[in-house]
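Enquirer: Here's a structure for you.
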Amino acid sequence: MQKTSDINVVETRALPSPATLLAELPKTEAQADFVARTRREIHRLIFTDDKRFLLIVGPCSIHDLDAGRDYARRLAALAREVSDRVMIVMRVYFEKPRTTVGWKGLIMDPHLDGSHDIAAGLRLGRTFLRDVLDLGLPTATEFLDPITPQYVADLVCWGAIGARTTESQTHRQMASGLSMPLGFKNSTDGSFTAAINAIKAASQPQTFLGINLDGAASAIVTRGNPDCHVVLRGGAAGPNYSPAHIAQTEALLAKANLPKSILVDCSHDNSAKKPERQPEILQEILTQV
C-alpha cells in the first residue's frame, strides 16, 4: 500500500508523561503556596490600584544553568531590598520562537548541540524553576509549545504569549486554561488589535485538543483566564510606549469592555533591540506614570 503519512517524519521519541515528571520532580508545599500567593499579588499589581510596580526582568533565555542560578541569587537579594516599591519577577524563558531557524531553547535542545533531548530539557527546566522559587523569587516564562505547560506551568507565576503567536487560535485556547496572569504581546507590526482579540478569546471558555497529565490525547475544556492583559513591545514601525500609544491602547481596551491594564516591554522593537536603551525607556515610562 502506498504510504500517505509520516513521509517526512524521521523519528518519534517517547517522552515521560506530565504525571511521571511531576512525580519525579514534585513541587513542595512551600513552593505551591509561594506560587499561589505571588500570582494573587501580580493580579493586584496589574488590575487594581496597588501602587507598587511590577518588573519582569532577566536573561533573554536560560541556557547556562550555573550562570542562571547566580543571576537568580543576585536578583532575589535585590528583590528583597525594593519589595515595598517594586515586585521583581525573574524571566525564566525556556522556549524561544524563531523567525526562521535557530536554537529553540533549553527545553527543546538542552545540550545546545542539535541533539534535541527534550526529555532532559523538561527535567532541567522544571528543576531550574524549583531552584528559583526556593530563593523566594517569582518566575515568568513565555509559553510556546501547547504541550509544555502540562510539565512546568504549576511552577510559573506570570506567563506571556509572544508577538508571533498572539494571533494563533491554539495559543489563545491554551491561555484560556492557564492558571496565572498572562500577557499577550502586540503583533510584530506594532498593532494592538490582535492582542486585544486574544484577550477576549482567552477570557472565554474553550474546548480544544491537548493531552492530560497521563499524556493521553484529550479534549481540554476550560473556564477562561480572567487575568490576561496587553504587553506593548513595539513593532516594525517603531516603539509604541509613548503617551499617545498608551492612550490608544486604553481606548481600544475600553471599547472591548476589557480592563485598561497594560505592561510595557522595554526590549524588542521598543528599544530597537539595543539592550543599553532599556533603562532609558524604563525612565520614560516612570515619567509618564
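Starting from 1 in every chain, residues are counted up; chains themselves are A, B, ... following the order of the C-alpha cells, and ligands are numbered from 1 as listed.
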Which of region 120-274 of chain A counts as strand (DSSP E or B) under DSSP, as JSON, numbers by chain please?
Expert: {"A": [139, 140, 141, 142, 158, 159, 160, 161, 182, 183, 184, 185, 207, 208, 209, 210, 211, 217, 218, 219, 220, 221, 228, 229, 230, 231, 232, 235, 238, 262, 263, 264]}
Enquirer: List as a ChimeraX atom specification the protein and nucleic acid residues near Gly235 (chain A), meaning an atom at most 12 Å away when only C-alpha atoms are counted, but skip any in the same chain fewer than 6 places from it.
Expert: /A:163-164,185-192,241,245,265,267-273
Enquirer: Let me see the file: selected residues, all heavy atoms, as a short mmCIF file (atom, residue, chain, number, x, y, z; two decimals), in the first residue's frame.
Expert:
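Once written, out25.cif looks like this:
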data_model
loop_
_atom_site.label_atom_id
_atom_site.label_comp_id
_atom_site.auth_asym_id
_atom_site.auth_seq_id
_atom_site.Cartn_x
_atom_site.Cartn_y
_atom_site.Cartn_z
N ALA A 163 4.67 37.81 20.38
CA ALA A 163 4.08 38.56 19.26
C ALA A 163 3.76 37.67 18.08
O ALA A 163 2.77 37.90 17.37
CB ALA A 163 5.05 39.67 18.84
N ARG A 164 4.58 36.64 17.85
CA ARG A 164 4.35 35.77 16.69
C ARG A 164 3.19 34.82 16.89
O ARG A 164 2.65 34.28 15.93
CB ARG A 164 5.62 34.97 16.39
CG ARG A 164 6.83 35.80 15.99
CD ARG A 164 8.07 34.93 15.91
NE ARG A 164 9.28 35.66 15.58
CZ ARG A 164 10.01 36.35 16.46
NH1 ARG A 164 9.64 36.38 17.72
NH2 ARG A 164 11.10 36.98 16.09
N LYS A 185 1.42 39.84 23.82
CA LYS A 185 2.18 40.92 23.19
C LYS A 185 1.49 41.38 21.90
O LYS A 185 0.83 40.58 21.23
CB LYS A 185 3.61 40.47 22.90
CG LYS A 185 4.39 40.20 24.18
CD LYS A 185 5.88 40.11 23.93
CE LYS A 185 6.63 39.96 25.25
NZ LYS A 185 8.09 39.96 25.07
N ASN A 186 1.67 42.67 21.59
CA ASN A 186 1.13 43.16 20.34
C ASN A 186 1.85 42.50 19.16
O ASN A 186 2.93 41.93 19.31
CB ASN A 186 1.22 44.69 20.24
CG ASN A 186 2.65 45.21 20.27
OD1 ASN A 186 3.09 45.74 21.28
ND2 ASN A 186 3.39 45.06 19.17
N SER A 187 1.26 42.57 18.00
CA SER A 187 1.82 41.93 16.80
C SER A 187 3.17 42.54 16.43
O SER A 187 3.49 43.66 16.83
CB SER A 187 0.85 42.07 15.63
OG SER A 187 -0.39 41.49 15.92
N THR A 188 3.94 41.82 15.64
CA THR A 188 5.26 42.31 15.25
C THR A 188 5.18 43.58 14.41
O THR A 188 6.17 44.32 14.32
CB THR A 188 6.04 41.23 14.47
OG1 THR A 188 5.24 40.77 13.38
CG2 THR A 188 6.37 40.05 15.36
N ASP A 189 4.03 43.86 13.80
CA ASP A 189 3.89 45.11 13.07
C ASP A 189 3.57 46.29 13.99
O ASP A 189 3.49 47.43 13.54
CB ASP A 189 2.82 45.00 11.97
CG ASP A 189 1.42 44.75 12.52
OD1 ASP A 189 1.25 44.70 13.76
OD2 ASP A 189 0.48 44.60 11.71
N GLY A 190 3.36 46.00 15.29
CA GLY A 190 3.11 47.06 16.25
C GLY A 190 1.65 47.30 16.56
O GLY A 190 1.33 48.10 17.44
N SER A 191 0.75 46.63 15.87
CA SER A 191 -0.68 46.86 16.08
C SER A 191 -1.17 46.18 17.36
O SER A 191 -0.60 45.18 17.79
CB SER A 191 -1.49 46.37 14.88
OG SER A 191 -1.37 44.97 14.74
N PHE A 192 -2.24 46.73 17.94
CA PHE A 192 -2.76 46.23 19.21
C PHE A 192 -3.93 45.27 19.04
O PHE A 192 -4.29 44.56 19.97
CB PHE A 192 -3.24 47.40 20.08
CG PHE A 192 -2.32 48.58 20.12
CD1 PHE A 192 -2.77 49.85 19.86
CD2 PHE A 192 -0.97 48.41 20.43
CE1 PHE A 192 -1.92 50.94 19.89
CE2 PHE A 192 -0.12 49.50 20.47
CZ PHE A 192 -0.58 50.76 20.20
N TYR A 241 5.31 52.84 23.16
CA TYR A 241 5.07 53.09 24.59
C TYR A 241 4.86 54.57 24.90
O TYR A 241 4.82 54.97 26.06
CB TYR A 241 6.24 52.56 25.43
CG TYR A 241 7.57 53.21 25.13
CD1 TYR A 241 7.96 54.38 25.77
CD2 TYR A 241 8.44 52.66 24.19
CE1 TYR A 241 9.17 54.99 25.49
CE2 TYR A 241 9.65 53.25 23.91
CZ TYR A 241 10.01 54.42 24.55
OH TYR A 241 11.21 55.02 24.27
N HIS A 245 0.45 56.26 22.37
CA HIS A 245 0.24 54.82 22.18
C HIS A 245 -0.50 54.22 23.39
O HIS A 245 -1.40 53.39 23.22
CB HIS A 245 1.57 54.11 21.99
CG HIS A 245 2.20 54.34 20.65
ND1 HIS A 245 3.30 55.14 20.47
CD2 HIS A 245 1.85 53.89 19.41
CE1 HIS A 245 3.63 55.15 19.19
NE2 HIS A 245 2.78 54.40 18.53
N ASP A 265 7.01 46.44 27.43
CA ASP A 265 8.25 45.70 27.23
C ASP A 265 9.32 46.70 26.82
O ASP A 265 9.22 47.34 25.77
CB ASP A 265 8.01 44.66 26.12
CG ASP A 265 9.22 43.79 25.83
OD1 ASP A 265 10.32 44.13 26.28
OD2 ASP A 265 9.06 42.77 25.13
N SER A 267 12.22 46.07 25.87
CA SER A 267 13.14 45.45 24.91
C SER A 267 12.48 45.41 23.53
O SER A 267 11.63 46.22 23.20
CB SER A 267 13.50 44.05 25.40
OG SER A 267 14.43 43.44 24.53
N HIS A 268 12.91 44.45 22.71
CA HIS A 268 12.37 44.24 21.37
C HIS A 268 12.33 45.54 20.57
O HIS A 268 13.28 46.32 20.61
CB HIS A 268 11.00 43.54 21.47
CG HIS A 268 11.11 42.17 22.05
ND1 HIS A 268 10.81 41.89 23.37
CD2 HIS A 268 11.54 41.00 21.51
CE1 HIS A 268 11.03 40.61 23.61
NE2 HIS A 268 11.48 40.05 22.52
N ASP A 269 11.25 45.79 19.86
CA ASP A 269 11.23 46.97 18.99
C ASP A 269 11.07 48.27 19.76
O ASP A 269 11.29 49.35 19.20
CB ASP A 269 10.11 46.83 17.95
CG ASP A 269 10.45 45.82 16.87
OD1 ASP A 269 11.60 45.85 16.39
OD2 ASP A 269 9.60 45.00 16.51
N ASN A 270 10.69 48.21 21.02
CA ASN A 270 10.64 49.44 21.82
C ASN A 270 12.04 50.00 22.08
O ASN A 270 12.20 51.20 22.30
CB ASN A 270 9.91 49.20 23.14
CG ASN A 270 8.42 49.37 23.00
OD1 ASN A 270 7.94 50.05 22.09
ND2 ASN A 270 7.65 48.77 23.90
N SER A 271 13.04 49.14 22.07
CA SER A 271 14.42 49.59 22.27
C SER A 271 15.26 49.45 21.01
O SER A 271 16.48 49.58 21.08
CB SER A 271 15.07 48.78 23.39
OG SER A 271 15.20 47.42 23.00
N ALA A 272 14.58 49.20 19.87
CA ALA A 272 15.30 48.92 18.62
C ALA A 272 16.29 47.77 18.81
O ALA A 272 17.34 47.71 18.19
CB ALA A 272 16.02 50.16 18.11
N LYS A 273 15.93 46.86 19.73
CA LYS A 273 16.75 45.68 20.04
C LYS A 273 18.15 46.06 20.53
O LYS A 273 19.11 45.31 20.32
CB LYS A 273 16.81 44.74 18.84
CG LYS A 273 15.43 44.24 18.42
CD LYS A 273 15.47 43.28 17.26
CE LYS A 273 14.06 42.82 16.89
NZ LYS A 273 14.04 41.91 15.74
#
Enquirer: Quick one: residues within 12 Å of Ala217 (chain A), only C-alpha atoms counted, chain neighbours fewer than 4 positions away excluded, as a ChimeraX atom specification?
Expert: /A:17,147,208-213
Enquirer: Restrict the selected residues to all heavy atoms and save them as a PDB file, in the first residue's frame.
Expert:
ATOM      1  N   SER A  17       5.314  11.051  30.633  1.00  0.00           N
ATOM      2  CA  SER A  17       4.060  11.785  30.757  1.00  0.00           C
ATOM      3  C   SER A  17       4.244  12.932  31.745  1.00  0.00           C
ATOM      4  O   SER A  17       5.139  12.901  32.600  1.00  0.00           O
ATOM      5  CB  SER A  17       2.955  10.860  31.253  1.00  0.00           C
ATOM      6  OG  SER A  17       3.187  10.514  32.612  1.00  0.00           O
ATOM      7  N   ILE A 147       1.975  21.888  24.550  1.00  0.00           N
ATOM      8  CA  ILE A 147       2.071  20.746  25.462  1.00  0.00           C
ATOM      9  C   ILE A 147       2.948  21.071  26.674  1.00  0.00           C
ATOM     10  O   ILE A 147       2.746  20.532  27.767  1.00  0.00           O
ATOM     11  CB  ILE A 147       2.606  19.507  24.706  1.00  0.00           C
ATOM     12  CG1 ILE A 147       1.569  19.033  23.687  1.00  0.00           C
ATOM     13  CG2 ILE A 147       2.959  18.370  25.655  1.00  0.00           C
ATOM     14  CD1 ILE A 147       2.016  17.869  22.829  1.00  0.00           C
ATOM     15  N   PHE A 208     -10.583  22.321  23.353  1.00  0.00           N
ATOM     16  CA  PHE A 208      -9.569  22.114  22.313  1.00  0.00           C
ATOM     17  C   PHE A 208      -8.828  20.809  22.575  1.00  0.00           C
ATOM     18  O   PHE A 208      -8.939  20.202  23.642  1.00  0.00           O
ATOM     19  CB  PHE A 208      -8.589  23.290  22.282  1.00  0.00           C
ATOM     20  CG  PHE A 208      -7.926  23.583  23.603  1.00  0.00           C
ATOM     21  CD1 PHE A 208      -6.684  23.051  23.914  1.00  0.00           C
ATOM     22  CD2 PHE A 208      -8.542  24.409  24.544  1.00  0.00           C
ATOM     23  CE1 PHE A 208      -6.064  23.331  25.120  1.00  0.00           C
ATOM     24  CE2 PHE A 208      -7.936  24.695  25.759  1.00  0.00           C
ATOM     25  CZ  PHE A 208      -6.700  24.152  26.056  1.00  0.00           C
ATOM     26  N   LEU A 209      -8.049  20.386  21.583  1.00  0.00           N
ATOM     27  CA  LEU A 209      -7.260  19.166  21.678  1.00  0.00           C
ATOM     28  C   LEU A 209      -5.993  19.406  22.491  1.00  0.00           C
ATOM     29  O   LEU A 209      -5.321  20.424  22.325  1.00  0.00           O
ATOM     30  CB  LEU A 209      -6.873  18.675  20.288  1.00  0.00           C
ATOM     31  CG  LEU A 209      -7.993  18.043  19.446  1.00  0.00           C
ATOM     32  CD1 LEU A 209      -7.546  17.927  17.996  1.00  0.00           C
ATOM     33  CD2 LEU A 209      -8.349  16.671  20.001  1.00  0.00           C
ATOM     34  N   GLY A 210      -5.678  18.469  23.350  1.00  0.00           N
ATOM     35  CA  GLY A 210      -4.455  18.562  24.139  1.00  0.00           C
ATOM     36  C   GLY A 210      -4.130  17.208  24.728  1.00  0.00           C
ATOM     37  O   GLY A 210      -4.635  16.175  24.271  1.00  0.00           O
ATOM     38  N   ILE A 211      -3.286  17.206  25.766  1.00  0.00           N
ATOM     39  CA  ILE A 211      -3.001  15.962  26.485  1.00  0.00           C
ATOM     40  C   ILE A 211      -3.322  16.164  27.952  1.00  0.00           C
ATOM     41  O   ILE A 211      -3.238  17.275  28.470  1.00  0.00           O
ATOM     42  CB  ILE A 211      -1.537  15.515  26.312  1.00  0.00           C
ATOM     43  CG1 ILE A 211      -0.567  16.545  26.942  1.00  0.00           C
ATOM     44  CG2 ILE A 211      -1.199  15.259  24.858  1.00  0.00           C
ATOM     45  CD1 ILE A 211       0.862  16.040  27.077  1.00  0.00           C
ATOM     46  N   ASN A 212      -3.709  15.067  28.616  1.00  0.00           N
ATOM     47  CA  ASN A 212      -3.923  15.145  30.056  1.00  0.00           C
ATOM     48  C   ASN A 212      -2.618  14.804  30.775  1.00  0.00           C
ATOM     49  O   ASN A 212      -1.576  14.593  30.142  1.00  0.00           O
ATOM     50  CB  ASN A 212      -5.075  14.235  30.497  1.00  0.00           C
ATOM     51  CG  ASN A 212      -4.795  12.759  30.229  1.00  0.00           C
ATOM     52  OD1 ASN A 212      -3.658  12.352  29.978  1.00  0.00           O
ATOM     53  ND2 ASN A 212      -5.838  11.952  30.286  1.00  0.00           N
ATOM     54  N   LEU A 213      -2.658  14.742  32.095  1.00  0.00           N
ATOM     55  CA  LEU A 213      -1.424  14.508  32.847  1.00  0.00           C
ATOM     56  C   LEU A 213      -0.813  13.137  32.591  1.00  0.00           C
ATOM     57  O   LEU A 213       0.382  12.927  32.796  1.00  0.00           O
ATOM     58  CB  LEU A 213      -1.682  14.695  34.349  1.00  0.00           C
ATOM     59  CG  LEU A 213      -1.902  16.138  34.802  1.00  0.00           C
ATOM     60  CD1 LEU A 213      -2.224  16.183  36.291  1.00  0.00           C
ATOM     61  CD2 LEU A 213      -0.690  17.007  34.493  1.00  0.00           C
TER      62      LEU A 213
END
Enquirer: May I have the residues within 10 Å of His171 (chain A) as a PyMOL selection string, using only C-alpha atoms and disregarding those fewer than 3 positions away in the same chain?
Expert: chain A and resi 143-146+161-162+165-168+174-176+184+198+202
Enquirer: Would you tabulate, counting only C-alpha atoms, all residues of region 116-217 of chain A that have an atom at most 9 Å from an atom of region 246-264 of chain A, showing the closest pair of atoms and their distance in Å to one decimal, sorted by chain then ascending number, as JSON lines?
Expert:
{"residue": "A:Gly183", "atom": "CA", "partner": "A:Leu263", "partner_atom": "CA", "distance": 7.8}
{"residue": "A:Phe192", "atom": "CA", "partner": "A:Thr249", "partner_atom": "CA", "distance": 6.8}
{"residue": "A:Thr193", "atom": "CA", "partner": "A:Leu252", "partner_atom": "CA", "distance": 8.0}
{"residue": "A:Ile196", "atom": "CA", "partner": "A:Leu253", "partner_atom": "CA", "distance": 6.8}
{"residue": "A:Asn197", "atom": "CA", "partner": "A:Ala256", "partner_atom": "CA", "distance": 8.6}
{"residue": "A:Ile199", "atom": "CA", "partner": "A:Leu258", "partner_atom": "CA", "distance": 8.3}
{"residue": "A:Lys200", "atom": "CA", "partner": "A:Leu258", "partner_atom": "CA", "distance": 7.9}
Enquirer: Neighbours of Cys60 (chain A) within 8 Å (only C-alpha atoms; same-chain residues fewer than 2 positions away dropped), as a PyMOL selection string?
Expert: chain A and resi 58+62+91+93
Enquirer: Using backbone DSSP assignments, extract all helix (DSSP H, G or I) residues from region 87-205 of chain A; output them as a PyMOL selection string.
Expert: chain A and resi 118-134+149-155+169-177+193-202
Enquirer: Skip Ser61 (chain A) itself and residues of its chain fewer than 2 positions away, then list as a PDB file with N, CA and C atoms, in the first residue's frame all residues within 12 Å of it, counting only C-alpha atoms.
Expert:
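Result file is part_21.pdb:
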ATOM      1  N   VAL A  57      12.085  40.834  34.811  1.00  0.00           N
ATOM      2  CA  VAL A  57      13.448  41.116  34.361  1.00  0.00           C
ATOM      3  C   VAL A  57      14.280  39.842  34.368  1.00  0.00           C
ATOM      4  N   GLY A  58      15.235  39.781  33.467  1.00  0.00           N
ATOM      5  CA  GLY A  58      16.114  38.617  33.452  1.00  0.00           C
ATOM      6  C   GLY A  58      16.683  38.373  32.077  1.00  0.00           C
ATOM      7  N   PRO A  59      17.415  37.282  31.937  1.00  0.00           N
ATOM      8  CA  PRO A  59      18.079  36.988  30.658  1.00  0.00           C
ATOM      9  C   PRO A  59      17.076  36.668  29.558  1.00  0.00           C
ATOM     10  N   HIS A  63      20.193  29.352  29.323  1.00  0.00           N
ATOM     11  CA  HIS A  63      20.954  28.364  28.559  1.00  0.00           C
ATOM     12  C   HIS A  63      22.160  27.846  29.346  1.00  0.00           C
ATOM     13  N   ASP A  64      22.713  28.699  30.203  1.00  0.00           N
ATOM     14  CA  ASP A  64      23.799  28.311  31.107  1.00  0.00           C
ATOM     15  C   ASP A  64      23.191  28.243  32.511  1.00  0.00           C
ATOM     16  N   LEU A  65      22.964  27.042  33.017  1.00  0.00           N
ATOM     17  CA  LEU A  65      22.240  26.877  34.272  1.00  0.00           C
ATOM     18  C   LEU A  65      22.988  27.476  35.456  1.00  0.00           C
ATOM     19  N   ALA A  67      25.118  30.013  35.434  1.00  0.00           N
ATOM     20  CA  ALA A  67      25.001  31.469  35.324  1.00  0.00           C
ATOM     21  C   ALA A  67      23.588  31.918  35.683  1.00  0.00           C
ATOM     22  N   GLY A  68      22.597  31.127  35.273  1.00  0.00           N
ATOM     23  CA  GLY A  68      21.212  31.466  35.584  1.00  0.00           C
ATOM     24  C   GLY A  68      20.949  31.447  37.080  1.00  0.00           C
ATOM     25  N   MET A  90      11.413  37.094  37.922  1.00  0.00           N
ATOM     26  CA  MET A  90      12.519  36.725  37.039  1.00  0.00           C
ATOM     27  C   MET A  90      12.034  36.040  35.776  1.00  0.00           C
ATOM     28  N   ARG A  91      12.539  36.519  34.646  1.00  0.00           N
ATOM     29  CA  ARG A  91      12.341  35.819  33.378  1.00  0.00           C
ATOM     30  C   ARG A  91      13.070  34.467  33.436  1.00  0.00           C
ATOM     31  N   VAL A  92      12.299  33.394  33.288  1.00  0.00           N
ATOM     32  CA  VAL A  92      12.884  32.051  33.219  1.00  0.00           C
ATOM     33  C   VAL A  92      12.356  31.441  31.924  1.00  0.00           C
ATOM     34  N   TYR A  93      12.972  31.848  30.821  1.00  0.00           N
ATOM     35  CA  TYR A  93      12.458  31.523  29.490  1.00  0.00           C
ATOM     36  C   TYR A  93      13.194  30.310  28.922  1.00  0.00           C
ATOM     37  N   PHE A  94      12.441  29.260  28.644  1.00  0.00           N
ATOM     38  CA  PHE A  94      12.999  28.011  28.138  1.00  0.00           C
ATOM     39  C   PHE A  94      12.642  27.754  26.671  1.00  0.00           C
ATOM     40  N   GLU A  95      11.719  28.518  26.119  1.00  0.00           N
ATOM     41  CA  GLU A  95      11.273  28.296  24.738  1.00  0.00           C
ATOM     42  C   GLU A  95      11.482  29.577  23.950  1.00  0.00           C
ATOM     43  N   LYS A  96      12.126  29.471  22.794  1.00  0.00           N
ATOM     44  CA  LYS A  96      12.466  30.647  22.010  1.00  0.00           C
ATOM     45  C   LYS A  96      11.831  30.552  20.622  1.00  0.00           C
ATOM     46  N   PRO A  97      10.870  31.423  20.321  1.00  0.00           N
ATOM     47  CA  PRO A  97      10.300  31.445  18.969  1.00  0.00           C
ATOM     48  C   PRO A  97      11.324  31.961  17.970  1.00  0.00           C
ATOM     49  N   TRP A 103      18.384  28.150  17.585  1.00  0.00           N
ATOM     50  CA  TRP A 103      18.228  27.407  18.841  1.00  0.00           C
ATOM     51  C   TRP A 103      16.863  27.717  19.449  1.00  0.00           C
ATOM     52  N   LYS A 104      16.098  26.690  19.781  1.00  0.00           N
ATOM     53  CA  LYS A 104      14.710  26.878  20.216  1.00  0.00           C
ATOM     54  C   LYS A 104      14.527  26.820  21.724  1.00  0.00           C
ATOM     55  N   GLY A 105      15.637  26.839  22.457  1.00  0.00           N
ATOM     56  CA  GLY A 105      15.510  26.949  23.893  1.00  0.00           C
ATOM     57  C   GLY A 105      15.941  25.708  24.648  1.00  0.00           C
ATOM     58  N   LEU A 106      16.051  25.861  25.976  1.00  0.00           N
ATOM     59  CA  LEU A 106      16.578  24.802  26.832  1.00  0.00           C
ATOM     60  C   LEU A 106      15.723  23.544  26.795  1.00  0.00           C
ATOM     61  N   ILE A 107      14.414  23.711  26.743  1.00  0.00           N
ATOM     62  CA  ILE A 107      13.559  22.522  26.745  1.00  0.00           C
ATOM     63  C   ILE A 107      13.744  21.721  25.455  1.00  0.00           C
ATOM     64  N   PRO A 110      18.484  21.066  25.166  1.00  0.00           N
ATOM     65  CA  PRO A 110      19.187  21.452  26.395  1.00  0.00           C
ATOM     66  C   PRO A 110      20.693  21.395  26.300  1.00  0.00           C
ATOM     67  N   GLY A 125      14.385  22.138  32.977  1.00  0.00           N
ATOM     68  CA  GLY A 125      13.531  23.301  33.137  1.00  0.00           C
ATOM     69  C   GLY A 125      12.755  23.266  34.437  1.00  0.00           C
ATOM     70  N   ALA A 140       8.701  33.861  35.643  1.00  0.00           N
ATOM     71  CA  ALA A 140       7.932  34.243  34.457  1.00  0.00           C
ATOM     72  C   ALA A 140       8.483  33.485  33.262  1.00  0.00           C
ATOM     73  N   THR A 141       7.604  33.126  32.327  1.00  0.00           N
ATOM     74  CA  THR A 141       8.076  32.471  31.118  1.00  0.00           C
ATOM     75  C   THR A 141       7.108  32.717  29.976  1.00  0.00           C
ATOM     76  N   GLU A 142       7.586  32.470  28.761  1.00  0.00           N
ATOM     77  CA  GLU A 142       6.717  32.511  27.576  1.00  0.00           C
ATOM     78  C   GLU A 142       6.309  31.089  27.232  1.00  0.00           C
TER      79      GLU A 142
END
Enquirer: As an exercise, work out the distance from CA of Val156 (chain A) to CA of Ser115 (chain A) in Å and give it to one decimal place.
Expert: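 So the answer is 26.4 Å.
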Enquirer: Which value, in Å to one decimal, gives the distance between CA of Asp6 (chain A) and CA of Val152 (chain A)?
Expert: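 Value for the CA of Asp6 (chain A)-CA of Val152 (chain A) distance: 28.9 Å.
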Enquirer: Could you tell me how far CA of Val35 (chain A) lies from CA of Cys157 (chain A), in Å and to one decimal?
Expert: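 About the pair CA of Val35 (chain A) and CA of Cys157 (chain A): they are 5.7 Å apart.
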Enquirer: Give the answer as one residue: which of A:Arg172, A:Thr222, A:Gly114, A:Cys266 has the shortest atom-to-atom distance to Pro279 (chain A), using only C-alpha atoms?
Expert: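 The shortest atom-to-atom distance to Pro279 (chain A) comes from A:Cys266.
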Enquirer: Using only C-alpha atoms, can you tell me which of A:Asp154, A:Ser218, A:Val231, A:Ala236 comes closest to Glu29 (chain A)?
Expert: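 Checking each of A:Asp154, A:Ser218, A:Val231, A:Ala236 against Glu29 (chain A), counting only C-alpha atoms, the winner is A:Asp154.
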Enquirer: Please provide as a PyMOL selection string all residues within 12 Å of Ala30 (chain A), with the sequence filter that same-chain residues fewer than 6 positions apart are discarded (counting only C-alpha atoms).
Expert: chain A and resi 36-37+130+133-136+155
